[in-house]
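What follows is one structure encoded as structure tokens, with my remarks underneath.
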Amino acid sequence: MNLYQLSKTILLLNKAPINKVRFARVIYFVHKELIRKKFMSAEDIAYLRSPLGPVPDGMLKLALDHPNIIACPASDRPSFAAEEYTIKLSDAEEDEETTMLEQYREVLKAVERTLKALAAHTTPELVQASHSDPSWIANFNGARYFITPADLKNPFPFNTIRVKIRIKRAPQNELGALQANLLRGMMQDIVKESTDLEYPDQQSKTTPESATPTPKLTPLGLIAALPFLKHITVKPTKPADKPQKSPEKPAAKPEQNQNKPPKGTK
């Protein structure tokens, strides 16, 4: 399956329009499950890192390249989620799709099972769950990547204990929760970029994951700093000796005066 085939299958089985933010996350989690089931490979669909989670590369062109996939504007939503995706097939296309889908019963079963599990979660919950995957964490916004075996270890949506704990304090309003997730996703990218500016020598040319600064104090650093530390510890001893010598000289005079007899005595 490629992106178009998977998107078409999801829209046919969902039987209702899906807003743009949710549709991107649904494709992502269904793709992950089909990889686990060996029905798809990770290279079938690439993803772009965005503040709200991974977006299938080419998703925004689906409606342009395939007339049966329709992106309808939704005026009651913010700009980043202002479209809803649906599918419209002619009678001949519906018969053709029904025949084709019947040949892939196991694939349909896996997609339906995943859609049913995802339906129990709000869109902000899907966004937060996608933020838990290592590939999203490691990459920068706009980076293109594929699902990795480490991403597949995240069992969502079939094991939701961790996600439920994380979203316990999320706002009740779905739009407010989405905006909060958007800001968190942007802030994480900003923090990575500022870290690279502060530690330019430690930035890797291949993986942004290594942008995290290494500790300043290392065994090699300690060894290199030993001569410098030795130089520092010697200096303070010189001014410390002077105050000790100065009080000793006047202290000797009173002792000599005490041994002399008073004037007028023999």
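Residues in the structure tokens are named by chain (A, B, ... in the order shown) and by number from 1 within that chain; ligands are numbered from 1 in the order shown.
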Contacts between segment 33-38 of chain A and segment 66-112 of chain A, please, where a residue of segment 66-112 of chain A counts if it comes within 10 Å (with only C-alpha atoms); show its shortest atom pair and distance in Å to one decimal, rows by chain and ascending number, as a tab-separated table.
residue	atom	partner	partner_atom	distance
A:Glu106	CA	A:Lys37	CA	9.4
A:Val107	CA	A:Leu34	CA	7.5
A:Leu108	CA	A:Leu34	CA	10.0
A:Ala110	CA	A:Leu34	CA	7.0
A:Val111	CA	A:Leu34	CA	7.6
Selection near Gly142 of chain A, 7 Å with only C-alpha atoms, sequence-local residues under 2 positions removed, as number ranges by chain: A: 48-50, 140, 144
message: When you look at Ala119 of chain A with a cut-off of 12 Å (counting only C-alpha atoms), what residues show up, excluding the ones that are within fewer than 3 positions of it in the same chain? I need them as a PyMOL selection string.
response: chain A and resi 14+16+18+22-23+25-26+29+112-116+122-123+125-126+157-158
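Distance annotation: of A:Lys109, A:Asn68, A:Gln5, A:Pro51, the residue with the minimal separation from Glu94 of chain A is A:Asn68; atom set is only C-alpha atoms.
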task: Extract, using only C-alpha atoms, all DNA, RNA and protein residues at most 10 Å from Leu12 of chain A, discarding same-chain residues fewer than 6 positions from it, and format them as a ChimeraX atom specification.
output: /A:6,86-89,94,97-98
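Compared by their closest atoms to Ala71 of chain A, and using only C-alpha atoms, the residues A:Leu3, A:Leu11, A:Leu118, A:Ile45 rank with A:Leu11 nearest.
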field: Which of segment 38-173 of chain A fall in strand (DSSP E or B), as an MDAnalysis selection string
entry: chainID A and resid 47:50 53:56 69:73 83:87 144:145
Include N, CA, C and O atoms and write out the residues we just selected as a compact mmCIF listing (two decimals), in the first residue's frame.
# COMPACT_ATOMS: atom_id res chain seq x y z
N TYR A 47 7.41 10.52 6.48
CA TYR A 47 6.70 11.49 7.32
C TYR A 47 7.54 12.75 7.51
O TYR A 47 8.78 12.71 7.47
N LEU A 48 6.84 13.86 7.69
CA LEU A 48 7.47 15.14 7.98
C LEU A 48 7.17 15.51 9.43
O LEU A 48 6.03 15.43 9.87
N ARG A 49 8.20 15.91 10.14
CA ARG A 49 8.02 16.28 11.54
C ARG A 49 7.35 17.65 11.65
O ARG A 49 7.79 18.63 11.05
N SER A 50 6.24 17.73 12.38
CA SER A 50 5.54 18.99 12.59
C SER A 50 5.26 19.14 14.08
O SER A 50 5.33 18.16 14.83
N GLY A 53 2.89 16.62 15.46
CA GLY A 53 3.16 15.20 15.22
C GLY A 53 3.57 14.95 13.78
O GLY A 53 3.66 15.87 12.96
N PRO A 54 3.79 13.67 13.42
CA PRO A 54 4.21 13.34 12.05
C PRO A 54 3.08 13.54 11.04
O PRO A 54 1.93 13.18 11.30
N VAL A 55 3.42 14.10 9.89
CA VAL A 55 2.48 14.31 8.79
C VAL A 55 2.96 13.49 7.60
O VAL A 55 4.13 13.61 7.20
N PRO A 56 2.12 12.64 7.01
CA PRO A 56 2.56 11.88 5.83
C PRO A 56 3.04 12.78 4.71
O PRO A 56 2.36 13.75 4.35
N ILE A 69 -10.74 11.98 -3.53
CA ILE A 69 -10.48 12.42 -2.16
C ILE A 69 -10.72 13.92 -2.11
O ILE A 69 -10.12 14.69 -2.85
N ILE A 70 -11.63 14.33 -1.23
CA ILE A 70 -12.07 15.72 -1.19
C ILE A 70 -11.66 16.33 0.15
O ILE A 70 -11.88 15.74 1.21
N ALA A 71 -11.06 17.52 0.08
CA ALA A 71 -10.71 18.29 1.27
C ALA A 71 -11.69 19.45 1.38
O ALA A 71 -11.62 20.41 0.61
N CYS A 72 -12.62 19.35 2.32
CA CYS A 72 -13.65 20.37 2.49
C CYS A 72 -13.22 21.36 3.58
O CYS A 72 -12.73 20.95 4.64
N PRO A 73 -13.40 22.67 3.35
CA PRO A 73 -13.04 23.65 4.38
C PRO A 73 -13.98 23.55 5.58
O PRO A 73 -15.18 23.30 5.44
N GLU A 83 -9.48 21.94 7.46
CA GLU A 83 -10.00 21.09 6.39
C GLU A 83 -10.46 19.75 6.93
O GLU A 83 -9.91 19.25 7.93
N GLU A 84 -11.45 19.18 6.27
CA GLU A 84 -11.91 17.84 6.59
C GLU A 84 -11.82 16.99 5.33
O GLU A 84 -12.21 17.42 4.25
N TYR A 85 -11.30 15.78 5.49
CA TYR A 85 -11.10 14.89 4.35
C TYR A 85 -12.23 13.87 4.29
O TYR A 85 -12.67 13.32 5.30
N THR A 86 -12.71 13.66 3.08
CA THR A 86 -13.73 12.65 2.82
C THR A 86 -13.48 12.05 1.45
O THR A 86 -12.61 12.52 0.71
N ILE A 87 -14.24 11.01 1.10
CA ILE A 87 -14.06 10.35 -0.19
C ILE A 87 -15.40 10.20 -0.87
O ILE A 87 -16.44 9.99 -0.22
N ARG A 144 12.32 15.06 7.26
CA ARG A 144 11.65 13.92 6.64
C ARG A 144 12.27 12.63 7.18
O ARG A 144 13.49 12.49 7.21
N TYR A 145 11.44 11.70 7.60
CA TYR A 145 11.96 10.47 8.17
C TYR A 145 10.96 9.34 7.98
O TYR A 145 9.81 9.56 7.56
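Excluding Lys153 of chain A itself and same-chain residues fewer than 4 positions from it, the residues having an atom within 10 Å of it are A:Lys32, A:Arg36, A:Asp133, A:Pro134, A:Thr148, A:Pro149, counting only C-alpha atoms.
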Given the selection you just returned, output its residues as a file containing C-alpha atoms, formatted as a short mmCIF file (atom, residue, chain, number, x, y, z; two decimals), in the first residue's frame.
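The result, written out as again-v4.cif:
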data_model
loop_
_atom_site.label_atom_id
_atom_site.label_comp_id
_atom_site.auth_asym_id
_atom_site.auth_seq_id
_atom_site.Cartn_x
_atom_site.Cartn_y
_atom_site.Cartn_z
CA LYS A 32 2.41 1.50 12.26
CA ARG A 36 3.63 -4.75 12.80
CA ASP A 133 7.76 8.22 19.49
CA PRO A 134 11.58 8.48 19.36
CA THR A 148 11.71 3.01 12.93
CA PRO A 149 11.61 -0.20 15.04
#
field: Residue nearest Lys61 of chain A - candidates A:Asn154, A:Asn19, A:Thr99, A:Ser7, atoms counted: only C-alpha atoms
entry: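 Ranking A:Asn154, A:Asn19, A:Thr99, A:Ser7 by distance to Lys61 of chain A, first place goes to A:Ser7.
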